[in-house]
2 protein chains.
Amino acid sequence: MTTAGSESRSAQQEDPCRTREVLDIVGDKWSLLVVRNLSQGPRRFTELKRAIDGISQRMLTVTLRSLERDGILTRTVRNVMPPHVSYELTPMGKTLRQATAPLLEWSTIHLAHIDAARATYDARPDTSPA
Amino acid sequence: MTTAGSESRSAQQEDPCRTREVLDIVGDKWSLLVVRNLSQGPRRFTELKRAIDGISQRMLTVTLRSLERDGILTRTVRNVMPPHVSYELTPMGKTLRQATAPLLEWSTIHLAHIDAARATYDARPDTSPA
DNA sequence: TGCCCCGGTTCCCTGGAGGTAACTATGACC
DNA sequence: GGTCATAGTTACCTCCAGGGAACCGGGGCA
């Protein structure tokens with residue numbers, strides 16, 4: 001189960017850096033988008049490039065290489081012309097996808113609230129306590 | 001429910017940027033550490049600074065302000081001397097904590113595997129296809 | 001009288017994440 | 001023989017997240 005009960009109050013002492021390491025893996029600008037796009041099956045380079053709005057060729061390559069190196073996805077080259085390279089989540093990549101789902105769902109639910117909170121915060125003049 | 005079944009294959013079309021926005025909120029270097037440290041109750045500035053290894057005064061302030069602005073935590077100043085400022089997760093902050101739990105748990109489980117994958121990747125000479 | 005503590009603020013600086021654009025190989029197509 | 005598509009690579013540049021260190025204000029306290 002992925003219910004959030006398995007970590008006791010000693011968790012913060014035990015692995016203070018794990019939080020950081022997972023961000024090193026998927027905390028960059030494009031990784032989660034790529035993982036998300038691969039969650040429905042293999043995709044080719046150009047498919048991903050078209051699906052992920054705004055990503056440059058270079059950053060897609062960099063991101064894919066990084067995820068491949070981490071064992072999140074596999075890169076399969078078919079030696080035909082024009083080149084056919086397809087990317088697919090590994091089993092671990094799929095579990096990552098599952099693990100990020102609650103966070104994405106959270107964002108869907110709370111982003112509007114966050115916008116409101118920001119507006120409230122920016123509107124108040126309490127910045128300088130007399 | 002926080003089960004990961006509510007997103008269909010149309011999810012990537014619907015909210016392609018949500019993924020990015022949630023990272024804008026907690027994807028930085030220290031936010032998740034702060035949230036994690038506040039999950040067991042209110043903490044004072046110096047307590048957090050001591051608990052989060054390596055964070056500078058400036059970055060703790062910046063991170064706390066950002067999370068406060070986003071409605072993730074509250075900042076409570078008691079006007080005594082020496083100053084007493086305590087930070088506490090809002091209800092939304094607690095739901096965020098819950099939403100990140102699976103990802104942190106995932107990292108705990110898979111980080112060793114990732115290290116292995118990296119070693120394998122770095123060891124292979126397939127980088128230059130002749 | 002001067003130093004310490006708490007919770008910051010301000011200034012300066014650096015590294016690296018990420019963007020842009022040009023270049024590549026190869027076969028197919030016309 | 002020129003152009004297109006695929007899947008990149010390379011060089012160059014910019015910007016800002018984050019780090020370091022100094023400074024602040026006021027009560028306690030020795």
# chains A, B, ... in the order shown; residues from 1 in each chain; ligands from 1
$ select_by_dssp --residues "segment 2-116 of chain A" --states "helix (DSSP H, G or I)" --output "PyMOL selection string"
chain A and resi 11-14+18-26+31-38+45-51+57-69+91-116
$ residues_around --residues "DA21 of chain C" --least-positions-apart "4" --cutoff "12 Å" --atoms "only C-alpha atoms (C1' of nucleotides)" --output "PyMOL selection string"
(chain A and resi 56-58) or (chain D and resi 10-13)
$ calpha_fit_rmsd --fixed "chain A" --moving "chain B"
0.2 Å
$ interface_residues --of "chain A" --to "chain B" --cutoff "7 Å" --atoms "only C-alpha atoms" --output "ChimeraX atom specification"
/A:2,4,9,12,18-20,22-23,27,29,32-33,37,40,69-71,96,98-104,106-108,114,117-118,121
$ closest_residue --among "B:Ala112, B:Met59, B:Pro83, B:Leu89" --to "chain C" --atoms "only C-alpha atoms (C1' of nucleotides)"
B:Pro83
$ closest_atom_pairs --of "chain C" --to "chain A" --cutoff "8 Å" --atoms "only C-alpha atoms (C1' of nucleotides)" --output "JSON lines"
{"residue": "C:DG18", "atom": "C1'", "partner": "A:Met59", "partner_atom": "CA", "distance": 7.4}
{"residue": "C:DG19", "atom": "C1'", "partner": "A:Ser56", "partner_atom": "CA", "distance": 7.8}
{"residue": "C:DT26", "atom": "C1'", "partner": "A:Met81", "partner_atom": "CA", "distance": 6.8}
{"residue": "C:DG27", "atom": "C1'", "partner": "A:Met81", "partner_atom": "CA", "distance": 5.7}
$ write_last_selection --atoms "N, CA, C and O atoms (P, O5', C5', C4', C3', O3' and C1' of nucleotides)" --output "mmCIF file, in the first residue's frame"
data_model
loop_
_atom_site.group_PDB
_atom_site.id
_atom_site.type_symbol
_atom_site.label_atom_id
_atom_site.label_comp_id
_atom_site.auth_asym_id
_atom_site.auth_seq_id
_atom_site.Cartn_x
_atom_site.Cartn_y
_atom_site.Cartn_z
ATOM 1 P P DG C 18 16.514 22.187 -15.328
ATOM 2 O "O5'" DG C 18 16.376 23.087 -16.627
ATOM 3 C "C5'" DG C 18 16.080 24.459 -16.469
ATOM 4 C "C4'" DG C 18 16.465 25.238 -17.692
ATOM 5 C "C3'" DG C 18 15.977 24.670 -19.034
ATOM 6 O "O3'" DG C 18 15.134 25.627 -19.623
ATOM 7 C "C1'" DG C 18 18.180 25.464 -19.179
ATOM 8 P P DG C 19 14.246 25.268 -20.907
ATOM 9 O "O5'" DG C 19 14.736 26.340 -21.975
ATOM 10 C "C5'" DG C 19 14.684 27.725 -21.644
ATOM 11 C "C4'" DG C 19 15.434 28.526 -22.680
ATOM 12 C "C3'" DG C 19 15.088 28.177 -24.130
ATOM 13 O "O3'" DG C 19 14.754 29.358 -24.847
ATOM 14 C "C1'" DG C 19 17.443 28.078 -23.787
ATOM 15 P P DT C 26 26.588 8.186 -42.768
ATOM 16 O "O5'" DT C 26 25.146 7.776 -43.277
ATOM 17 C "C5'" DT C 26 24.210 7.206 -42.367
ATOM 18 C "C4'" DT C 26 22.834 7.236 -42.979
ATOM 19 C "C3'" DT C 26 22.814 6.987 -44.484
ATOM 20 O "O3'" DT C 26 22.118 5.784 -44.723
ATOM 21 C "C1'" DT C 26 21.362 8.766 -43.848
ATOM 22 P P DG C 27 22.282 4.976 -46.113
ATOM 23 O "O5'" DG C 27 20.769 5.013 -46.586
ATOM 24 C "C5'" DG C 27 19.770 4.465 -45.742
ATOM 25 C "C4'" DG C 27 18.444 5.115 -46.060
ATOM 26 C "C3'" DG C 27 18.007 4.944 -47.515
ATOM 27 O "O3'" DG C 27 16.719 4.330 -47.532
ATOM 28 C "C1'" DG C 27 17.821 7.217 -46.818
#
$ interface_residues --of "chain D" --to "chain B" --cutoff "9 Å" --atoms "only C-alpha atoms (C1' of nucleotides)" --output "short mmCIF file (atom, residue, chain, number, x, y, z; two decimals) with C-alpha atoms (C1' of nucleotides), in the first residue's frame"
data_model
loop_
_atom_site.label_atom_id
_atom_site.label_comp_id
_atom_site.auth_asym_id
_atom_site.auth_seq_id
_atom_site.Cartn_x
_atom_site.Cartn_y
_atom_site.Cartn_z
"C1'" DA D 17 18.74 29.59 -7.25
"C1'" DG D 18 21.45 29.20 -3.75
"C1'" DG D 19 25.73 29.99 -0.74
"C1'" DG D 20 28.69 33.05 2.27
"C1'" DG D 26 17.07 44.79 21.87
"C1'" DG D 27 16.87 42.34 26.21
"C1'" DG D 28 19.71 39.34 29.32
#
$ atom_distance --atom1 "atom CA of Gly41 of chain A" --atom2 "atom CA of Tyr87 of chain A"
8.6 Å
$ select_by_dssp --residues "chain B" --states "strand (DSSP E)" --output "list of chain:residue names"
B:Arg43, B:Arg44, B:Leu73, B:Thr74, B:Arg75, B:Thr76, B:Val77, B:Arg78, B:His84, B:Val85, B:Ser86, B:Tyr87, B:Glu88, B:Leu89
$ write_last_selection --atoms "all heavy atoms" --output "compact mmCIF listing (two decimals), in the first residue's frame"
# COMPACT_ATOMS: atom_id res chain seq x y z
N ARG B 43 7.43 24.38 14.81
CA ARG B 43 8.86 24.50 15.09
C ARG B 43 9.26 25.97 15.02
O ARG B 43 8.68 26.74 14.27
CB ARG B 43 9.68 23.72 14.06
CG ARG B 43 9.53 22.21 14.14
CD ARG B 43 10.29 21.63 15.30
NE ARG B 43 10.17 20.17 15.36
CZ ARG B 43 9.23 19.54 16.04
NH1 ARG B 43 8.32 20.23 16.72
NH2 ARG B 43 9.21 18.21 16.06
N ARG B 44 10.27 26.30 15.79
CA ARG B 44 10.79 27.66 15.75
C ARG B 44 11.86 27.77 14.67
O ARG B 44 12.38 26.75 14.18
CB ARG B 44 11.38 28.02 17.12
CG ARG B 44 10.37 27.94 18.23
CD ARG B 44 11.00 28.29 19.54
NE ARG B 44 11.62 29.61 19.50
CZ ARG B 44 12.20 30.18 20.55
NH1 ARG B 44 12.23 29.55 21.71
NH2 ARG B 44 12.74 31.37 20.45
N LEU B 73 2.23 26.90 5.19
CA LEU B 73 2.46 27.01 6.62
C LEU B 73 2.12 28.40 7.12
O LEU B 73 1.92 29.32 6.34
CB LEU B 73 3.92 26.66 6.95
CG LEU B 73 5.06 27.38 6.21
CD1 LEU B 73 5.33 28.76 6.79
CD2 LEU B 73 6.32 26.53 6.28
N THR B 74 2.01 28.50 8.43
CA THR B 74 1.74 29.80 9.05
C THR B 74 2.94 30.23 9.88
O THR B 74 3.69 29.39 10.40
CB THR B 74 0.52 29.73 9.98
OG1 THR B 74 0.75 28.72 10.96
CG2 THR B 74 -0.74 29.40 9.21
N ARG B 75 3.10 31.51 9.98
CA ARG B 75 4.18 32.10 10.75
C ARG B 75 3.57 32.87 11.91
O ARG B 75 2.75 33.77 11.70
CB ARG B 75 5.00 33.03 9.85
CG ARG B 75 6.13 33.75 10.54
CD ARG B 75 6.95 34.50 9.51
NE ARG B 75 8.02 35.25 10.11
CZ ARG B 75 7.94 36.54 10.47
NH1 ARG B 75 6.82 37.19 10.29
NH2 ARG B 75 8.97 37.13 11.02
N THR B 76 3.95 32.50 13.11
CA THR B 76 3.37 33.13 14.29
C THR B 76 4.47 33.80 15.11
O THR B 76 5.37 33.13 15.60
CB THR B 76 2.64 32.09 15.16
OG1 THR B 76 1.74 31.35 14.34
CG2 THR B 76 1.90 32.77 16.29
N VAL B 77 4.35 35.11 15.24
CA VAL B 77 5.34 35.88 15.98
C VAL B 77 4.82 36.19 17.37
O VAL B 77 3.71 36.72 17.51
CB VAL B 77 5.67 37.20 15.24
CG1 VAL B 77 6.78 37.94 15.97
CG2 VAL B 77 6.03 36.93 13.80
N ARG B 78 5.60 35.83 18.36
CA ARG B 78 5.28 36.25 19.72
C ARG B 78 6.24 37.39 20.06
O ARG B 78 7.47 37.21 20.01
CB ARG B 78 5.46 35.08 20.68
CG ARG B 78 4.46 35.08 21.82
CD ARG B 78 4.62 33.83 22.65
NE ARG B 78 4.52 32.62 21.82
CZ ARG B 78 4.90 31.42 22.24
NH1 ARG B 78 5.43 31.28 23.44
NH2 ARG B 78 4.80 30.37 21.45
N HIS B 84 10.39 35.18 19.43
CA HIS B 84 9.90 33.80 19.36
C HIS B 84 8.96 33.70 18.16
O HIS B 84 7.85 34.21 18.20
CB HIS B 84 9.17 33.44 20.66
CG HIS B 84 8.77 32.00 20.74
ND1 HIS B 84 9.29 31.13 21.66
CD2 HIS B 84 7.91 31.28 19.99
CE1 HIS B 84 8.76 29.93 21.50
NE2 HIS B 84 7.92 30.00 20.48
N VAL B 85 9.42 33.04 17.12
CA VAL B 85 8.64 32.88 15.90
C VAL B 85 8.46 31.39 15.65
O VAL B 85 9.44 30.65 15.62
CB VAL B 85 9.34 33.52 14.69
CG1 VAL B 85 8.50 33.37 13.44
CG2 VAL B 85 9.63 34.99 14.96
N SER B 86 7.22 30.97 15.55
CA SER B 86 7.02 29.55 15.30
C SER B 86 6.26 29.34 14.00
O SER B 86 5.39 30.11 13.61
CB SER B 86 6.28 28.90 16.47
OG SER B 86 4.90 29.07 16.34
N TYR B 87 6.62 28.26 13.34
CA TYR B 87 6.04 27.89 12.04
C TYR B 87 5.26 26.60 12.19
O TYR B 87 5.68 25.69 12.89
CB TYR B 87 7.14 27.74 11.00
CG TYR B 87 7.87 29.03 10.72
CD1 TYR B 87 8.99 29.40 11.47
CD2 TYR B 87 7.43 29.88 9.73
CE1 TYR B 87 9.64 30.60 11.22
CE2 TYR B 87 8.08 31.08 9.47
CZ TYR B 87 9.19 31.43 10.22
OH TYR B 87 9.83 32.61 9.98
N GLU B 88 4.13 26.56 11.50
CA GLU B 88 3.28 25.38 11.61
C GLU B 88 2.59 25.12 10.28
O GLU B 88 2.17 26.05 9.59
CB GLU B 88 2.23 25.62 12.71
CG GLU B 88 1.39 24.40 13.00
CD GLU B 88 0.48 24.59 14.22
OE1 GLU B 88 0.33 25.76 14.66
OE2 GLU B 88 -0.05 23.59 14.72
N LEU B 89 2.45 23.85 9.95
CA LEU B 89 1.75 23.50 8.71
C LEU B 89 0.28 23.89 8.82
O LEU B 89 -0.36 23.68 9.85
CB LEU B 89 1.87 22.00 8.43
CG LEU B 89 3.22 21.46 7.98
CD1 LEU B 89 3.10 19.98 7.66
CD2 LEU B 89 3.75 22.23 6.79
$ atom_distance --atom1 "atom CA of Phe45 of chain B" --atom2 "atom C1' of DG8 of chain C"
9.5 Å
$ atom_distance --atom1 "atom CA of Leu38 of chain A" --atom2 "atom C1' of DT9 of chain D"
23.8 Å
